[in-house]
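**Q** Next up, coords02.cif (mmCIF, C-alpha atoms and all ligand atoms).
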data_query
loop_
_atom_site.group_PDB
_atom_site.id
_atom_site.type_symbol
_atom_site.label_atom_id
_atom_site.label_comp_id
_atom_site.auth_asym_id
_atom_site.auth_seq_id
_atom_site.Cartn_x
_atom_site.Cartn_y
_atom_site.Cartn_z
ATOM 1 C CA MET A 1 15.375 35.577 33.851
ATOM 2 C CA ASN A 2 11.878 34.240 34.171
ATOM 3 C CA SER A 3 11.681 30.774 35.587
ATOM 4 C CA GLY A 4 8.814 28.555 36.536
ATOM 5 C CA GLN A 5 5.524 29.605 35.046
ATOM 6 C CA LEU A 6 5.840 30.987 31.549
ATOM 7 C CA PRO A 7 4.383 34.392 30.753
ATOM 8 C CA LEU A 8 1.365 34.250 28.434
ATOM 9 C CA TYR A 9 2.463 37.320 26.521
ATOM 10 C CA ILE A 10 5.860 38.658 25.633
ATOM 11 C CA GLU A 11 7.092 41.809 23.920
ATOM 12 C CA PRO A 12 9.403 40.357 21.263
ATOM 13 C CA ARG A 13 11.231 43.539 20.253
ATOM 14 C CA LYS A 14 11.800 44.643 23.837
ATOM 15 C CA PHE A 15 12.768 41.126 24.917
ATOM 16 C CA ALA A 16 15.293 40.901 22.092
ATOM 17 C CA ASP A 17 16.805 44.306 22.820
ATOM 18 C CA GLN A 18 17.232 43.322 26.469
ATOM 19 C CA ASP A 19 18.599 39.819 25.696
ATOM 20 C CA THR A 20 15.862 38.086 27.646
ATOM 21 C CA ARG A 21 15.584 34.399 28.435
ATOM 22 C CA ILE A 22 12.396 32.708 29.453
ATOM 23 C CA GLU A 23 12.397 29.240 30.923
ATOM 24 C CA GLY A 24 9.556 27.346 32.426
ATOM 25 C CA LYS A 25 6.631 25.061 31.934
ATOM 26 C CA ILE A 26 3.126 25.453 30.688
ATOM 27 C CA ALA A 27 0.339 22.881 30.708
ATOM 28 C CA LEU A 28 -0.194 21.239 27.334
ATOM 29 C CA SER A 29 -3.923 21.642 28.019
ATOM 30 C CA SER A 30 -3.550 25.417 27.775
ATOM 31 C CA LEU A 31 -2.452 25.125 24.135
ATOM 32 C CA SER A 32 -5.877 24.933 22.541
ATOM 33 C CA ARG A 33 -4.721 24.078 19.012
ATOM 34 C CA LEU A 34 -3.073 20.936 20.406
ATOM 35 C CA ALA A 35 -6.240 19.755 22.161
ATOM 36 C CA ASP A 36 -6.493 16.693 19.892
ATOM 37 C CA TYR A 37 -3.014 15.519 20.900
ATOM 38 C CA GLN A 38 -3.158 15.813 24.672
ATOM 39 C CA GLY A 39 -3.803 12.295 25.788
ATOM 40 C CA ALA A 40 -3.160 11.916 29.496
ATOM 41 C CA SER A 41 -3.797 15.105 31.404
ATOM 42 C CA ASN A 42 -1.052 17.022 33.236
ATOM 43 C CA THR A 43 1.427 16.836 30.391
ATOM 44 C CA GLN A 44 3.731 19.831 30.572
ATOM 45 C CA VAL A 45 5.501 21.720 27.859
ATOM 46 C CA GLU A 46 9.024 22.649 28.874
ATOM 47 C CA VAL A 47 10.335 25.789 27.238
ATOM 48 C CA HIS A 48 13.757 27.443 27.037
ATOM 49 C CA LEU A 49 13.855 30.486 24.804
ATOM 50 C CA ARG A 50 16.302 33.308 24.345
ATOM 51 C CA PHE A 51 15.375 36.557 22.623
ATOM 52 C CA TYR A 52 18.263 38.658 21.418
ATOM 53 C CA HIS A 53 19.418 41.236 18.926
ATOM 54 C CA GLU A 54 22.243 40.005 16.738
ATOM 55 C CA ILE A 55 24.221 43.149 16.073
ATOM 56 C CA ALA A 56 26.188 41.791 13.082
ATOM 57 C CA SER A 57 23.090 40.912 11.058
ATOM 58 C CA GLY A 58 20.737 43.365 12.672
ATOM 59 C CA ASN A 59 18.279 40.533 13.167
ATOM 60 C CA ARG A 60 16.253 39.960 16.268
ATOM 61 C CA LEU A 61 16.279 36.265 17.019
ATOM 62 C CA VAL A 62 14.549 33.658 19.109
ATOM 63 C CA THR A 63 16.474 30.478 19.810
ATOM 64 C CA GLY A 64 16.012 27.638 22.227
ATOM 65 C CA ASN A 65 14.019 24.481 22.547
ATOM 66 C CA ILE A 66 10.605 23.134 23.399
ATOM 67 C CA SER A 67 9.921 19.685 24.836
ATOM 68 C CA THR A 68 6.722 17.846 25.530
ATOM 69 C CA GLU A 69 4.943 14.617 24.709
ATOM 70 C CA LEU A 70 1.904 14.399 22.475
ATOM 71 C CA GLU A 71 -0.461 11.527 22.061
ATOM 72 C CA LEU A 72 -1.273 10.726 18.461
ATOM 73 C CA GLU A 73 -3.392 7.968 16.975
ATOM 74 C CA CYS A 74 -1.475 5.280 15.133
ATOM 75 C CA GLN A 75 -2.793 5.115 11.588
ATOM 76 C CA ARG A 76 -2.190 1.369 11.432
ATOM 77 C CA CYS A 77 -3.772 0.073 14.655
ATOM 78 C CA LEU A 78 -5.678 3.205 15.781
ATOM 79 C CA GLU A 79 -4.210 2.850 19.274
ATOM 80 C CA PRO A 80 -2.647 5.837 21.058
ATOM 81 C CA LEU A 81 0.937 6.567 20.125
ATOM 82 C CA LYS A 82 3.230 8.531 22.453
ATOM 83 C CA PHE A 83 5.077 11.123 20.436
ATOM 84 C CA PRO A 84 7.914 12.898 22.255
ATOM 85 C CA VAL A 85 8.651 16.390 21.002
ATOM 86 C CA HIS A 86 12.098 17.959 21.387
ATOM 87 C CA THR A 87 12.191 20.756 18.912
ATOM 88 C CA THR A 88 14.813 23.410 18.376
ATOM 89 C CA VAL A 89 13.620 26.957 17.857
ATOM 90 C CA ASN A 90 15.440 29.198 15.365
ATOM 91 C CA LEU A 91 13.348 32.200 14.486
ATOM 92 C CA ILE A 92 14.024 35.622 13.074
ATOM 93 C CA MET A 93 11.470 38.275 13.937
ATOM 94 C CA VAL A 94 9.997 39.953 10.908
ATOM 95 C CA TRP A 95 7.445 42.694 10.760
ATOM 96 C CA SER A 96 6.202 42.098 7.206
ATOM 97 C CA GLU A 97 5.735 39.200 4.805
ATOM 98 C CA GLU A 98 8.312 40.730 2.413
ATOM 99 C CA GLN A 99 10.946 40.701 5.133
ATOM 100 C CA SER A 100 10.475 36.984 5.591
ATOM 101 C CA GLU A 101 11.427 36.238 1.980
ATOM 102 C CA SER A 102 15.104 37.152 2.339
ATOM 103 C CA LEU A 103 15.961 35.097 5.411
ATOM 104 C CA PRO A 104 18.765 32.561 5.747
ATOM 105 C CA GLU A 105 17.478 28.993 5.458
ATOM 106 C CA SER A 106 18.663 28.168 8.952
ATOM 107 C CA HIS A 107 15.934 30.327 10.441
ATOM 108 C CA ASP A 108 12.195 30.560 10.055
ATOM 109 C CA PRO A 109 10.399 33.868 10.127
ATOM 110 C CA TRP A 110 8.246 34.820 13.069
ATOM 111 C CA LEU A 111 5.821 37.440 11.888
ATOM 112 C CA ILE A 112 5.330 39.995 14.643
ATOM 113 C CA THR A 113 1.885 41.538 14.295
ATOM 114 C CA GLU A 114 1.473 43.088 17.752
ATOM 115 C CA ASP A 115 3.726 44.670 20.364
ATOM 116 C CA LYS A 116 2.720 41.826 22.628
ATOM 117 C CA MET A 117 2.667 38.326 21.192
ATOM 118 C CA SER A 118 1.040 35.237 22.655
ATOM 119 C CA VAL A 119 3.454 32.646 23.986
ATOM 120 C CA PRO A 120 0.956 29.761 23.663
ATOM 121 C CA ALA A 121 0.380 30.647 19.983
ATOM 122 C CA LEU A 122 4.126 30.573 19.348
ATOM 123 C CA LEU A 123 4.469 27.216 21.107
ATOM 124 C CA GLU A 124 1.525 25.793 19.156
ATOM 125 C CA ASP A 125 3.081 26.873 15.864
ATOM 126 C CA GLU A 126 6.435 25.323 16.714
ATOM 127 C CA ILE A 127 4.980 22.068 18.057
ATOM 128 C CA LEU A 128 2.518 21.617 15.166
ATOM 129 C CA LEU A 129 5.495 21.755 12.782
ATOM 130 C CA THR A 130 6.908 18.605 14.389
ATOM 131 C CA LEU A 131 3.854 16.430 13.735
ATOM 132 C CA PRO A 132 4.497 13.549 11.351
ATOM 133 C CA VAL A 133 2.411 13.346 8.178
ATOM 134 C CA VAL A 134 1.430 9.821 9.166
ATOM 135 C CA ALA A 135 1.752 8.625 12.754
ATOM 136 C CA LEU A 136 2.737 4.960 13.072
ATOM 137 C CA HIS A 137 4.058 2.843 15.913
ATOM 138 C CA ASP A 138 7.483 1.365 15.176
ATOM 139 C CA GLU A 139 5.843 -1.829 16.291
ATOM 140 C CA CYS A 140 2.131 -1.833 16.958
ATOM 141 C CA PRO A 141 1.050 -3.270 20.318
ATOM 142 C CA ALA A 142 -0.269 -6.848 20.224
ATOM 143 C CA SER A 143 -3.399 -6.828 18.107
ATOM 144 C CA LEU A 144 -6.809 -7.418 19.633
ATOM 145 C CA PRO A 145 -7.291 -10.946 20.977
ATOM 146 C CA VAL A 146 -8.443 -13.263 18.211
ATOM 147 C CA VAL A 147 -11.971 -14.463 18.828
ATOM 148 C CA PRO A 148 -11.836 -18.259 18.597
ATOM 149 C CA GLU A 149 -13.986 -19.803 15.903
ATOM 150 C CA PRO A 150 -17.094 -21.381 17.417
ATOM 151 C CA GLU A 151 -17.063 -25.206 17.323
ATOM 152 C CA GLY A 152 -18.475 -26.633 14.126
ATOM 153 C CA PHE A 153 -18.100 -23.371 12.247
ATOM 154 C CA ALA A 154 -16.224 -24.311 9.126
ATOM 155 C CA GLN A 155 -13.025 -22.497 8.298
ATOM 156 C CA PRO A 156 -13.323 -20.838 4.937
ATOM 157 C CA LYS A 157 -11.889 -23.180 2.333
ATOM 158 C CA ALA A 158 -10.009 -22.271 -0.764
ATOM 159 C CA ALA A 159 -13.097 -23.185 -2.752
ATOM 160 C CA ASP A 160 -15.049 -20.421 -0.985
ATOM 161 C CA ASN A 161 -12.820 -17.949 -2.678
ATOM 162 C CA PRO A 162 -14.671 -16.823 -5.825
ATOM 163 C CA PHE A 163 -11.451 -16.802 -7.792
ATOM 164 C CA ALA A 164 -10.670 -20.345 -6.732
ATOM 165 C CA VAL A 165 -14.164 -21.352 -7.832
ATOM 166 C CA LEU A 166 -13.578 -19.688 -11.174
ATOM 167 C CA ALA A 167 -10.252 -21.449 -11.538
ATOM 168 C CA SER A 168 -11.793 -24.848 -10.831
ATOM 169 C CA LEU A 169 -14.590 -24.122 -13.364
ATOM 170 C CA LYS A 170 -11.978 -23.316 -15.983
ATOM 171 C CA LYS A 171 -10.182 -26.574 -15.233
ATOM 172 C CA GLN A 172 -13.388 -28.531 -15.794
ATOM 173 C CA ASN A 173 -13.854 -27.004 -19.237
HETATM 174 ZN ZN ZN B 201 0.032 1.067 15.838
#
Just give me the structure as structure tokens.
Ligand SMILES: [Zn+2]

**A**
Amino acid sequence: MNSGQLPLYIEPRKFADQDTRIEGKIALSSLSRLADYQGASNTQVEVHLRFYHEIASGNRLVTGNISTELELECQRCLEPLKFPVHTTVNLIMVWSEEQSESLPESHDPWLITEDKMSVPALLEDEILLTLPVVALHDECPASLPVVPEPEGFAQPKAADNPFAVLASLKKQN
């Protein structure tokens, strides 16, 4: 078992055939495709993955979980939004696109293109899948302080509203 620092490359087929577990942490900053979501530095990605060969199905699988915290931008108030990620990994290794079409729905395909595959790339793929389409705070932080109206500056009146003006014109006719 590997613990502590994660390896940057793994050999998926070999790992599966040897029932290998990897556990450890990697800096979020080393996942380049997540650069926009890093926020505070020093965020870690915690990874527990098991690679194994399921004899009954003949499939080579990757299961486990990935946890970290991203920083997104709230689409309502544009303030940073902490987004915890706790995602479950359920992958079946495939070596061709065709293979990936006949998989059970419970698993996603992981297309193996090299003997050695990048761990950061795998983590990026899995974490990017968790991103919401629209990021919103449940409750946005207090809005920016309201600038008080300067003394003597008239509050807009209903009559300043062009529709209100129109309405009053209609009344006069
Ligand atoms: Zn917000």

**Q** Could you tell me, counting all atoms listed in the file, which protein and nucleic acid residues lie no more than 7 Å from ligand ZN 201 (chain B), written as a list of chain:residue names?

**A**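 Listing the residues within 7 Å of ligand ZN 201 (chain B) gives A:Cys74, A:Gln75, A:Arg76, A:Cys77, A:Leu78, A:Glu79, A:Leu136, A:His137, A:Glu139, A:Cys140, A:Pro141.
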
**Q** Check the smallest atom-to-atom distance from each of A:Arg50, A:Arg21, A:Ile66, A:Leu61 to A:Leu111 using all atoms listed in the file, then report the winner.

**A** A:Leu61

**Q** Decode the PyMOL selection byres (((chain A and resi 22) around 6) and not hetatm) for the given file into explicit residues and return them as a ChimeraX atom specification.

**A** /A:2,21,23,48-49

**Q** Name the residues captured by the PyMOL selection byres (((chain A and resi 70) around 12) and not hetatm) when it is applied to the shown file; answer as number ranges by chain.

**A** A: 27-29, 31, 34-45, 67-69, 71-73, 80-86, 124, 127-128, 130-132, 135

**Q** As an mmCIF file with C-alpha atoms, keeping the file's coordinate frame, please: the residues near A:Asn59 (cut-off 9 Å, all atoms listed in the file, same-chain neighbours under 5 positions excluded).

**A**
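Output contents, as saved in part_5.cif:
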data_model
loop_
_atom_site.group_PDB
_atom_site.id
_atom_site.type_symbol
_atom_site.label_atom_id
_atom_site.label_comp_id
_atom_site.auth_asym_id
_atom_site.auth_seq_id
_atom_site.Cartn_x
_atom_site.Cartn_y
_atom_site.Cartn_z
ATOM 1 C CA TYR A 52 18.263 38.658 21.418
ATOM 2 C CA HIS A 53 19.418 41.236 18.926
ATOM 3 C CA GLU A 54 22.243 40.005 16.738
ATOM 4 C CA ILE A 92 14.024 35.622 13.074
ATOM 5 C CA MET A 93 11.470 38.275 13.937
ATOM 6 C CA VAL A 94 9.997 39.953 10.908
#

**Q** What's the 7 Å shell around A:Lys25, counting only C-alpha atoms, without same-chain residues fewer than 3 positions away, as an MDAnalysis selection string?

**A** chainID A and resid 4:6 44:47

**Q** Just checking: using only C-alpha atoms, which residue out of A:Leu129, A:Ala142, A:Ala16, A:Leu91 ends up closest to A:Glu105?

**A**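 Checking each candidate against A:Glu105, we get A:Leu91 as the closest.
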
**Q** Between atom CA of A:Ser32 and atom CA of A:Val62, what is the spacing in Å?

**A**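 Pair atom CA of A:Val62 / atom CA of A:Ser32 returns 22.5 Å.
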
**Q** Point out the residue among A:Gly24, A:Ser96, A:Lys14, A:Pro104 with the least atom-to-atom distance to A:Ser57, counting only C-alpha atoms.

**A** A:Pro104

**Q** Expand the PyMOL selection byres (((chain A and resi 89) around 6) and not hetatm) into the explicit residue set it covers here, and present it as an MDAnalysis selection string.

**A** chainID A and resid 63:65 88 90

**Q** Please, what distance in Å, to one decimal, runs between atom CA of A:Ser118 and atom CA of A:Pro7?

**A** 8.8 Å

**Q** Could you give me the centre and size, in Å to one decimal, of an axis-aligned box around all listed atoms of stretch 113-123 of chain A with 6 Å added on every side, as lines of an AutoDock Vina configuration file?

**A**
center_x = 2.4
center_y = 35.9
center_z = 19.1
size_x = 16.1
size_y = 29.5
size_z = 21.7

**Q** One decimal, in Å: what's the spacing between atom CA of A:Thr20 and atom CA of A:Glu97?

**A**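 According to the coordinates, atom CA of A:Thr20 and atom CA of A:Glu97 are separated by 25.0 Å.
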
**Q** Determine the nearest neighbour of A:Arg13 from the options A:Asp115, A:Val133, A:Pro109, A:Ala121, counting all atoms listed in the file.

**A**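 When distances to A:Arg13 are compared using all atoms listed in the file, the smallest one comes from A:Asp115.
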
**Q** Nearest residue to A:Gln99 out of A:Leu123, A:Asp19, A:Thr87, A:Ile112, using all atoms listed in the file?

**A**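 Among the listed residues, A:Ile112 lies closest to A:Gln99.
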
**Q** Could you check the closest approach to A:Phe51 for each of A:Lys116, A:Ile26, A:Asp17, A:Tyr9 and tell me which residue wins, using all atoms listed in the file?

**A**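 Nearest candidate to A:Phe51 out of A:Lys116, A:Ile26, A:Asp17, A:Tyr9: A:Asp17.
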